>>> print(open('target-v2.tsv').read())   # TSV, C-alpha atoms
chain	number	residue	atom	x	y	z
A	113	MET	CA	65.26	110.15	94.20
A	114	CYS	CA	64.32	106.52	94.75
A	115	VAL	CA	62.87	106.14	98.24
A	116	THR	CA	63.77	102.46	98.49
A	117	CYS	CA	67.51	102.82	98.40
A	118	GLY	CA	68.08	106.54	98.01
A	119	CYS	CA	69.45	106.50	94.46
A	120	SER	CA	69.48	109.88	92.82
A	121	GLU	CA	67.85	109.44	89.46
A	122	GLY	CA	70.06	109.19	86.45
A	123	GLU	CA	73.29	110.48	88.05
A	124	THR	CA	75.29	107.48	89.14
A	125	ARG	CA	76.40	105.11	86.43
A	126	ILE	CA	78.04	101.76	87.04
A	127	GLU	CA	79.90	100.65	83.94
A	128	GLY	CA	77.85	103.10	81.91
A	129	GLU	CA	74.48	101.72	83.04
A	130	ALA	CA	72.17	103.95	85.01
A	131	HIS	CA	71.02	102.33	88.22
A	132	THR	CA	67.22	102.16	88.13
A	133	HIS	CA	64.45	100.57	90.14
A	134	SER	CA	61.10	99.33	88.94
A	135	TYR	CA	58.10	100.91	90.57
A	136	SER	CA	57.49	97.89	92.72
A	137	GLN	CA	55.20	96.66	95.42
A	138	VAL	CA	57.27	98.49	98.01
A	139	HIS	CA	56.52	101.87	96.50
A	140	ALA	CA	52.82	101.09	96.04
A	141	HIS	CA	52.60	100.04	99.65
A	142	GLU	CA	54.30	103.18	100.85
A	143	HIS	CA	51.82	105.34	99.04
A	144	ASP	CA	48.94	103.33	100.55
A	145	SER	CA	50.23	103.69	104.06
A	146	LEU	CA	50.78	107.39	103.53
A	147	LEU	CA	47.17	107.90	102.50
A	148	HIS	CA	46.02	105.67	105.31
A	149	GLY	CA	47.90	107.72	107.91
A	150	HIS	CA	46.56	110.89	106.44
A	151	ALA	CA	42.96	109.71	106.71
A	152	HIS	CA	43.44	109.01	110.39
A	153	ALA	CA	44.91	112.41	111.05
A	154	HIS	CA	41.49	113.97	110.30
A	155	SER	CA	42.84	117.44	109.70
A	156	HIS	CA	45.51	119.51	108.04
A	157	ALA	CA	46.70	121.05	111.28
A	158	SER	CA	50.44	120.97	111.58
A	159	ARG	CA	52.17	118.94	114.25
A	160	MET	CA	55.74	118.35	115.40
A	161	VAL	CA	57.64	115.16	114.70
A	162	GLN	CA	60.79	114.31	116.65
A	163	VAL	CA	63.32	112.81	114.29
A	164	GLU	CA	66.84	112.96	115.82
A	165	GLN	CA	68.35	111.25	112.78
A	166	ASP	CA	71.87	111.64	111.53
A	167	ILE	CA	72.04	112.90	107.95
A	168	LEU	CA	74.61	110.27	107.04
A	169	ALA	CA	72.58	107.49	108.72
A	170	LYS	CA	71.49	106.00	105.42
A	171	ASN	CA	75.01	105.88	104.04
A	172	ASN	CA	76.24	104.41	107.31
A	173	GLN	CA	73.64	101.63	107.08
A	174	TYR	CA	74.88	100.69	103.62
A	175	ALA	CA	78.48	100.91	104.82
A	176	THR	CA	77.75	98.55	107.71
A	177	ALA	CA	76.15	96.07	105.31
A	178	ASN	CA	79.23	96.25	103.05
A	179	ARG	CA	81.56	95.87	106.04
A	180	ASN	CA	79.69	92.80	107.28
A	181	TYR	CA	79.93	91.25	103.84
A	182	PHE	CA	83.69	91.91	103.66
A	183	ALA	CA	84.20	90.47	107.15
A	184	GLY	CA	82.19	87.36	106.31
A	185	HIS	CA	84.35	86.73	103.25
A	186	GLY	CA	87.75	87.73	104.59
A	187	ILE	CA	88.09	90.58	102.11
A	188	PHE	CA	90.57	93.36	102.96
A	189	VAL	CA	89.19	96.64	101.64
A	190	LEU	CA	90.92	99.98	101.25
A	191	ASN	CA	89.42	103.33	100.31
A	192	LEU	CA	92.10	105.31	98.45
A	193	VAL	CA	91.65	109.06	98.65
A	194	SER	CA	93.66	111.95	97.24
A	195	SER	CA	93.58	115.11	95.18
A	196	PRO	CA	93.32	114.74	91.41
A	197	GLY	CA	96.76	114.18	89.91
A	198	SER	CA	98.43	112.61	92.95
A	199	GLY	CA	99.33	109.57	90.87
A	200	LYS	CA	96.73	107.32	92.49
A	201	THR	CA	95.94	105.25	89.42
A	202	SER	CA	99.61	104.77	88.47
A	203	LEU	CA	100.37	103.68	92.02
A	204	LEU	CA	97.42	101.31	91.87
A	205	THR	CA	98.47	99.71	88.58
A	206	ARG	CA	102.07	99.32	89.84
A	207	THR	CA	100.80	97.75	93.08
A	208	ILE	CA	98.65	95.33	91.10
A	209	GLU	CA	101.49	94.37	88.75
A	210	ARG	CA	103.72	93.52	91.71
A	211	PHE	CA	101.06	91.89	93.85
A	212	LYS	CA	98.64	90.11	91.54
A	213	ASP	CA	100.46	86.77	91.52
A	214	LYS	CA	100.32	86.63	95.32
A	215	ALA	CA	96.80	87.91	95.91
A	216	ARG	CA	93.38	88.06	94.32
A	217	ILE	CA	92.69	91.71	93.65
A	218	ALA	CA	89.63	93.61	92.47
A	219	VAL	CA	89.21	97.34	91.96
A	220	ILE	CA	86.33	99.82	92.09
A	221	GLU	CA	87.15	103.05	90.27
A	222	GLY	CA	85.25	106.21	91.10
A	223	ASP	CA	85.32	109.20	88.77
A	224	GLN	CA	82.78	111.79	87.77
A	225	GLN	CA	83.02	110.73	84.15
A	226	THR	CA	84.72	108.27	81.75
A	227	SER	CA	85.88	104.69	82.23
A	228	LEU	CA	89.53	105.58	81.49
A	229	ASP	CA	90.79	104.52	84.92
A	230	ALA	CA	88.94	101.18	84.96
A	231	ASP	CA	90.36	100.53	81.47
A	232	ARG	CA	93.87	101.15	82.80
A	233	ILE	CA	93.28	98.75	85.70
A	234	ARG	CA	91.72	96.06	83.48
A	235	ALA	CA	94.81	96.24	81.26
A	236	THR	CA	96.74	94.74	84.21
A	237	GLY	CA	94.47	91.68	84.10
A	238	VAL	CA	92.45	92.19	87.29
A	239	SER	CA	88.72	92.86	87.37
A	240	ALA	CA	87.63	96.46	87.75
A	241	ILE	CA	84.31	98.26	87.83
A	242	GLN	CA	83.96	101.90	86.95
A	243	VAL	CA	81.45	103.97	88.91
A	244	ASN	CA	80.68	107.38	87.44
A	245	THR	CA	79.25	109.67	90.05
A	246	GLY	CA	77.98	112.27	87.56
A	247	LYS	CA	77.57	115.47	89.55
A	248	GLY	CA	78.62	113.73	92.78
A	249	CYS	CA	82.03	114.45	94.26
A	250	HIS	CA	82.57	111.17	96.13
A	251	LEU	CA	81.64	107.51	96.18
A	252	ASP	CA	79.02	106.44	98.71
A	253	ALA	CA	78.41	103.08	100.33
A	254	HIS	CA	75.34	102.42	98.22
A	255	MET	CA	77.22	102.80	94.92
A	256	VAL	CA	79.95	100.52	96.26
A	257	GLY	CA	77.35	97.91	97.23
A	258	HIS	CA	76.07	97.78	93.65
A	259	ALA	CA	79.60	97.69	92.22
A	260	MET	CA	80.38	94.76	94.55
A	261	GLU	CA	77.48	92.79	93.09
A	262	LYS	CA	78.90	93.28	89.61
A	263	LEU	CA	82.47	92.42	90.60
A	264	GLY	CA	81.73	88.98	92.03
A	265	LEU	CA	84.30	89.29	94.84
A	266	ARG	CA	86.29	86.23	95.88
A	267	ASP	CA	86.94	85.16	99.47
A	268	ASP	CA	90.23	86.26	101.07
A	269	SER	CA	90.85	88.85	98.37
A	270	LEU	CA	91.97	92.47	98.30
A	271	LEU	CA	89.49	95.15	97.17
A	272	LEU	CA	90.97	98.53	96.31
A	273	ILE	CA	88.47	101.36	95.97
A	274	GLU	CA	89.84	104.41	94.22
A	275	ASN	CA	87.64	107.27	95.32
A	276	VAL	CA	86.94	110.39	93.26
A	277	GLY	CA	89.97	112.73	93.34
A	278	ASN	CA	88.87	115.08	96.10
A	279	LEU	CA	90.24	115.58	99.60
A	280	VAL	CA	87.05	117.03	101.05
A	281	CYS	CA	83.86	115.02	100.63
A	282	PRO	CA	85.09	111.40	100.63
A	283	ALA	CA	86.18	111.89	104.27
A	284	ALA	CA	82.55	111.99	105.40
A	285	PHE	CA	81.32	108.95	103.50
A	286	ASP	CA	82.15	105.55	104.97
A	287	LEU	CA	82.15	102.86	102.28
A	288	GLY	CA	82.59	99.91	104.64
A	289	GLU	CA	86.37	99.81	104.12
A	290	ALA	CA	88.91	98.56	106.66
A	291	HIS	CA	91.01	101.70	106.22
A	292	LYS	CA	91.24	104.93	104.29
A	293	VAL	CA	94.61	105.47	102.64
A	294	ALA	CA	95.45	109.08	101.77
A	295	ILE	CA	97.81	109.60	98.86
A	296	LEU	CA	99.73	112.84	98.70
A	297	SER	CA	102.36	113.50	96.08
A	298	VAL	CA	105.49	115.56	96.62
A	299	THR	CA	104.51	117.79	93.70
A	300	GLU	CA	101.73	119.16	95.93
A	301	GLY	CA	102.21	121.39	98.98
A	302	GLU	CA	103.55	119.85	102.19
A	303	ASP	CA	100.86	121.73	104.10
A	304	LYS	CA	97.97	119.75	102.55
A	305	PRO	CA	97.40	117.74	105.75
A	306	LEU	CA	96.66	121.05	107.50
A	307	LYS	CA	94.51	122.38	104.67
A	308	TYR	CA	92.40	119.22	104.33
A	309	PRO	CA	92.62	117.86	107.87
A	310	ASP	CA	89.48	115.69	107.82
A	311	MET	CA	90.93	113.37	105.26
A	312	PHE	CA	94.26	112.93	107.04
A	313	ALA	CA	92.47	112.47	110.35
A	314	ALA	CA	90.39	109.67	108.83
A	315	ALA	CA	93.29	107.89	107.13
A	316	GLU	CA	95.29	105.03	108.61
A	317	VAL	CA	98.15	105.41	106.14
A	318	MET	CA	99.56	108.32	104.15
A	319	LEU	CA	101.41	107.34	101.00
A	320	LEU	CA	103.80	110.12	100.10
A	321	ASN	CA	103.99	109.51	96.37
A	322	LYS	CA	106.36	110.45	93.53
A	323	VAL	CA	109.39	110.57	95.86
A	324	ASP	CA	111.62	109.87	92.82
A	325	LEU	CA	111.03	113.58	91.98
A	326	LEU	CA	112.30	114.89	95.34
A	327	PRO	CA	115.75	115.93	94.01
A	328	TYR	CA	114.03	118.39	91.65
A	329	LEU	CA	111.64	119.90	94.21
A	330	SER	CA	111.80	121.92	97.41
A	331	PHE	CA	109.25	119.68	99.14
A	332	ASN	CA	110.04	119.34	102.85
A	333	VAL	CA	109.32	115.70	103.76
A	334	PRO	CA	109.84	115.91	107.56
A	335	LEU	CA	107.64	119.02	107.74
A	336	CYS	CA	104.88	117.29	105.76
A	337	ILE	CA	105.01	114.30	108.11
A	338	GLU	CA	104.95	116.61	111.13
A	339	TYR	CA	101.81	118.33	109.77
A	340	ALA	CA	100.14	114.97	109.14
A	341	ARG	CA	100.95	113.77	112.68
A	342	ARG	CA	99.66	117.03	114.14
A	343	ILE	CA	96.27	116.07	112.71
A	344	ASN	CA	96.61	112.33	113.25
A	345	PRO	CA	99.38	111.26	115.65
A	346	HIS	CA	99.03	107.59	114.67
A	347	ILE	CA	99.13	107.93	110.89
A	348	ARG	CA	101.62	105.60	109.21
A	349	VAL	CA	103.65	107.27	106.47
A	350	ILE	CA	105.21	105.38	103.58
A	351	LEU	CA	107.45	107.21	101.09
A	352	ILE	CA	106.71	105.64	97.75
A	353	SER	CA	107.18	105.90	94.00
A	354	ALA	CA	105.42	103.98	91.27
A	355	VAL	CA	108.34	104.85	88.97
A	356	SER	CA	111.42	103.93	91.05
A	357	ASP	CA	109.55	101.34	93.18
A	358	GLU	CA	110.90	102.94	96.36
A	359	GLY	CA	108.68	102.02	99.31
A	360	MET	CA	106.77	99.42	97.31
A	361	GLY	CA	108.10	96.63	99.51
A	362	GLU	CA	106.90	98.31	102.72
A	363	TRP	CA	103.50	99.07	101.16
A	364	GLN	CA	103.16	95.48	99.98
A	365	GLU	CA	104.04	94.15	103.43
A	366	TRP	CA	101.37	96.34	104.95
A	367	LEU	CA	98.81	95.09	102.41
A	368	ASP	CA	99.86	91.51	103.02
A	369	GLU	CA	99.46	91.87	106.78
A	370	GLY	CA	95.99	93.41	106.36
A	371	MET	CA	94.88	90.59	104.08
A	372	LYS	CA	96.17	87.96	106.50
A	373	GLN	CA	94.29	89.58	109.38
A	374	ALA	CA	91.03	89.85	107.40
A	375	SER	CA	91.29	86.23	106.37
A	376	ALA	CA	92.20	85.00	109.87
A	377	LYS	CA	89.29	86.92	111.36
A	378	LYS	CA	86.87	85.28	108.96
A	379	THR	CA	88.30	81.81	109.71
A	380	ASN	CA	88.00	82.45	113.44
A	381	GLU	CA	84.39	83.48	113.07
A	382	VAL	CA	83.60	80.40	111.00
A	383	GLU	CA	85.32	78.17	113.59
A	384	THR	CA	83.39	79.83	116.41
A	385	LEU	CA	80.11	79.32	114.56
A	386	LYS	CA	80.97	75.68	113.82
A	387	ARG	CA	81.73	75.08	117.49
A	388	ARG	CA	78.40	76.62	118.46
A	389	VAL	CA	76.56	74.44	115.93
A	390	ALA	CA	78.35	71.37	117.32
A	391	GLU	CA	77.43	72.35	120.87
A	392	LEU	CA	73.80	72.91	119.92
A	393	GLU	CA	73.66	69.62	118.05
A	394	ALA	CA	75.10	67.83	121.08
A	395	ALA	CA	72.49	69.53	123.28
A	396	LEU	CA	69.75	68.48	120.88
A	397	ALA	CA	71.02	64.87	120.76
A	398	ALA	CA	70.98	64.76	124.57
A	399	LYS	CA	67.25	65.67	124.52
A	400	ASP	CA	66.32	62.87	122.12
B	829	MET	CA	82.91	123.82	93.82
B	830	GLY	CA	83.79	120.63	95.66
B	831	SER	CA	82.43	122.10	98.83
B	832	LYS	CA	79.12	123.06	97.24
B	833	MET	CA	78.67	119.54	95.95
B	834	HIS	CA	79.44	118.14	99.37
B	835	GLU	CA	76.55	120.15	100.80
B	836	MET	CA	74.40	118.88	97.92
B	837	SER	CA	74.94	115.29	99.11
B	838	LEU	CA	74.19	116.31	102.67
B	839	ALA	CA	71.01	118.09	101.56
B	840	GLU	CA	69.97	114.88	99.81
B	841	GLY	CA	70.68	113.10	103.10
B	842	VAL	CA	68.34	115.52	104.90
B	843	LEU	CA	65.62	114.82	102.35
B	844	GLN	CA	66.12	111.05	102.75
B	845	VAL	CA	65.67	111.32	106.50
B	846	ILE	CA	62.48	113.34	105.93
B	847	GLU	CA	61.11	110.85	103.41
B	848	ASP	CA	61.82	107.91	105.74
B	849	SER	CA	60.16	109.74	108.56
B	850	ALA	CA	57.13	110.57	106.36
B	851	ARG	CA	56.56	106.86	105.91
B	852	SER	CA	56.89	105.89	109.55
B	853	GLN	CA	55.06	108.95	110.93
B	854	SER	CA	52.45	109.31	108.19
B	855	PHE	CA	52.69	112.86	107.00
B	856	SER	CA	52.60	114.27	103.51
B	857	ARG	CA	53.88	117.81	103.85
B	858	VAL	CA	56.79	119.38	105.71
B	859	LYS	CA	56.62	123.04	106.74
B	860	THR	CA	59.76	123.43	108.86
B	861	VAL	CA	62.93	121.42	109.31
B	862	TRP	CA	65.14	121.86	112.38
B	863	LEU	CA	68.63	120.85	111.50
B	864	GLU	CA	71.33	120.52	114.13
B	865	VAL	CA	74.74	121.35	112.71
B	866	GLY	CA	77.84	121.23	114.85
B	867	GLU	CA	80.50	123.94	114.52
B	868	LEU	CA	83.05	121.22	113.74
B	869	ALA	CA	80.88	119.29	111.26
B	870	GLY	CA	82.55	120.99	108.29
B	871	VAL	CA	79.27	122.16	106.83
B	872	GLU	CA	78.77	125.50	105.15
B	873	VAL	CA	75.39	126.66	106.43
B	874	GLU	CA	74.55	128.97	103.51
B	875	ALA	CA	75.50	126.27	101.00
B	876	ILE	CA	73.29	123.72	102.67
B	877	ARG	CA	70.33	126.15	102.58
B	878	PHE	CA	70.84	126.70	98.88
B	879	CYS	CA	71.20	122.98	98.19
B	880	PHE	CA	68.27	121.97	100.35
B	881	ASP	CA	65.95	124.36	98.50
B	882	ALA	CA	67.13	122.81	95.24
B	883	VAL	CA	66.75	119.14	96.22
B	884	ALA	CA	63.40	119.73	97.98
B	885	LYS	CA	61.75	121.07	94.78
B	886	GLY	CA	58.80	118.89	93.82
B	887	THR	CA	59.01	116.81	97.02
B	888	LEU	CA	56.99	116.80	100.24
B	889	ALA	CA	59.47	119.36	101.60
B	890	ASP	CA	59.15	121.82	98.71
B	891	GLY	CA	59.37	125.32	100.16
B	892	ALA	CA	59.99	124.09	103.71
B	893	ARG	CA	61.71	126.50	106.08
B	894	LEU	CA	65.13	125.36	107.23
B	895	GLU	CA	66.00	126.27	110.84
B	896	ILE	CA	69.63	125.61	111.60
B	897	VAL	CA	70.58	125.04	115.22
B	898	ALA	CA	74.34	125.38	115.74
B	899	THR	CA	75.97	123.29	118.44
B	900	GLU	CA	79.21	124.40	120.07
B	901	GLY	CA	82.50	122.80	119.08
B	902	ARG	CA	84.24	121.18	122.03
B	903	GLY	CA	87.43	119.20	122.21
B	904	GLN	CA	89.64	117.46	124.69
B	905	CYS	CA	93.27	118.47	124.55
B	906	LEU	CA	95.50	115.42	124.56
B	907	SER	CA	98.40	117.53	125.86
B	908	CYS	CA	96.83	119.11	128.96
B	909	GLY	CA	93.75	116.90	129.21
B	910	LYS	CA	91.28	119.80	129.55
B	911	THR	CA	88.01	120.09	127.65
B	912	VAL	CA	87.99	123.33	125.68
B	913	ALA	CA	85.78	125.24	123.24
B	914	ILE	CA	87.20	125.19	119.72
B	915	ARG	CA	85.89	126.80	116.55
B	916	LEU	CA	87.98	124.87	114.06
B	917	ARG	CA	88.56	121.17	114.21
B	918	TYR	CA	92.34	121.16	114.18
B	919	ASP	CA	93.07	124.32	116.10
B	920	PRO	CA	95.63	124.06	118.90
B	921	CYS	CA	94.47	124.02	122.50
B	922	PRO	CA	93.59	127.61	123.57
B	923	LEU	CA	94.91	126.88	127.08
B	924	CYS	CA	98.26	125.17	126.52
B	925	GLY	CA	98.82	125.55	122.76
B	926	GLY	CA	99.26	121.80	122.38
B	927	TYR	CA	98.10	119.30	119.75
B	928	PRO	CA	95.99	117.45	119.06
B	929	VAL	CA	92.63	118.49	120.43
B	930	GLU	CA	90.28	115.55	120.03
B	931	PRO	CA	86.82	116.80	119.00
B	932	VAL	CA	84.18	115.63	121.48
B	933	GLY	CA	81.20	117.86	120.62
B	934	GLY	CA	79.87	119.89	117.72
B	935	LEU	CA	80.32	117.18	115.08
B	936	GLU	CA	76.59	116.59	114.65
B	937	MET	CA	74.64	116.77	111.40
B	938	ARG	CA	71.21	115.75	112.49
B	939	VAL	CA	67.60	116.31	111.53
B	940	LYS	CA	66.17	117.13	114.93
B	941	GLU	CA	62.54	117.90	114.46
B	942	LEU	CA	59.95	118.54	111.76
B	943	GLU	CA	56.81	120.60	111.61
B	944	VAL	CA	54.50	118.57	109.38
B	945	GLU	CA	50.93	118.28	108.23
>>> encode(input="target-v2.tsv", output="structure tokens")
Amino acid sequence: MCVTCGCSEGETRIEGEAHTHSYSQVHAHEHDSLLHGHAHAHSHASRMVQVEQDILAKNNQYATANRNYFAGHGIFVLNLVSSPGSGKTSLLTRTIERFKDKARIAVIEGDQQTSLDADRIRATGVSAIQVNTGKGCHLDAHMVGHAMEKLGLRDDSLLLIENVGNLVCPAAFDLGEAHKVAILSVTEGEDKPLKYPDMFAAAEVMLLNKVDLLPYLSFNVPLCIEYARRINPHIRVILISAVSDEGMGEWQEWLDEGMKQASAKKTNEVETLKRRVAELEAALAAKD
Amino acid sequence: MGSKMHEMSLAEGVLQVIEDSARSQSFSRVKTVWLEVGELAGVEVEAIRFCFDAVAKGTLADGARLEIVATEGRGQCLSCGKTVAIRLRYDPCPLCGGYPVEPVGGLEMRVKELEVE
């Protein structure tokens, strides 16, 4: 594992390229300081070191850096999570088709292998980067940071991150997103919010997908929503279908509102900074 | 399988914390790792042992002993307002049977202390 940024060797691939680091100055220096410290210790006797460090601290640092970048550029970012087969990619392509004339959209696709999903997204005409996690079961903030560099994100845009299909691990890994959106399809069990509570607790919105199939299934919609609210009383539920377009309008409105807020927040921050610069310049002029 | 891989990432996180600490605290070998794991952290203790042994191979923590300190799961019931002990994150309140119980303790996954040389 690379000690500079924590990359596992040879596992993660962004658009098919392994992410590598040259053995730089930083590494050489680290080895020096290690030897140096050792020489001063004078012995091999063991000692105790207090650490008190969260295991996810490193990921959280990368996530904070991503979040700051998004905030500074007014980018509204969603982390889409679901089981495999919930219709996430179809929902994504339908959303893009309906929304791409109104908003600048980019996509990061996470899968263990293949670039099939990124290819599907690129076919809609928006830019997409495929991250292959190899053995990994989720995207982490560091992978997303590198994918962002490759995407060349525009200000005031929408970034949709499709996480690896898995309702367990992605809950623990913050990517720097504004919200997690959990997608559950009506061809799954209505008790999934109870079985995978962490994910539904972490999500702001639950998209109940494939509702065009409800007439053929015994899926109990109110019960599913009750289970989700038992875990997360504030979760917003949108019944949606990428085939019949039901719920697409409500989903789009929610996206639109999020983008407006992200953009307005950035503008406010820029205005505040400009005012401070003006005040400081005035103060400086008064001293001259 | 998904769960095992989750613990693999967490084990890599443990190793990262150790490697960072080795740089700032100048040590080259780790003998024991004290890991604080909350009852509500969603971590399978046996899986993390297995994964840690695997990721530590060939590193400064190769063969290190892993001591896991469990911390009690505690939650505040939003129905009756009391703080209660809970074993599972989304269990109902043991006092009033209400939902939800907001976890307030036992969510930790922390490297607490190291024995090094």
>>> interface_residues(input="target-v2.tsv", of="chain A", to="chain B", cutoff="6 Å", atoms="all atoms listed in the file", output="count of residues only")
15
>>> residues_around(input="target-v2.tsv", residues="Glu867 in chain B", least_positions_apart="6", cutoff="7 Å", atoms="all atoms listed in the file", output="list in words")
Ala898, Thr899, Glu900, Gly901, Arg915, Gly934 and Leu935 of chain B
>>> residues_near_point(input="target-v2.tsv", point="(102.6, 121.5, 108.8)", cutoff="8 Å", atoms="only C-alpha atoms", output="ChimeraX atom specification")
/A:302-306,335-340,342
>>> residues_around(input="target-v2.tsv", residues="Leu251 in chain A", least_positions_apart="4", cutoff="7 Å", atoms="all atoms listed in the file", output="list in words")
Gly222, Thr245, Met255, Asn275, Val276 and Pro282 of chain A
>>> atom_distance(input="target-v2.tsv", atom1="CA of Ile352 in chain A", atom2="CA of Leu319 in chain A")
6.4 Å
>>> closest_residue(input="target-v2.tsv", among="B:Leu906, B:Cys921, B:Val912, B:Val897", to="Gly866 in chain B", atoms="only C-alpha atoms")
B:Val897
>>> closest_residue(input="target-v2.tsv", among="A:Ala294, A:Ile220, A:Ala169, A:Leu228", to="Leu271 in chain A", atoms="only C-alpha atoms")
A:Ile220
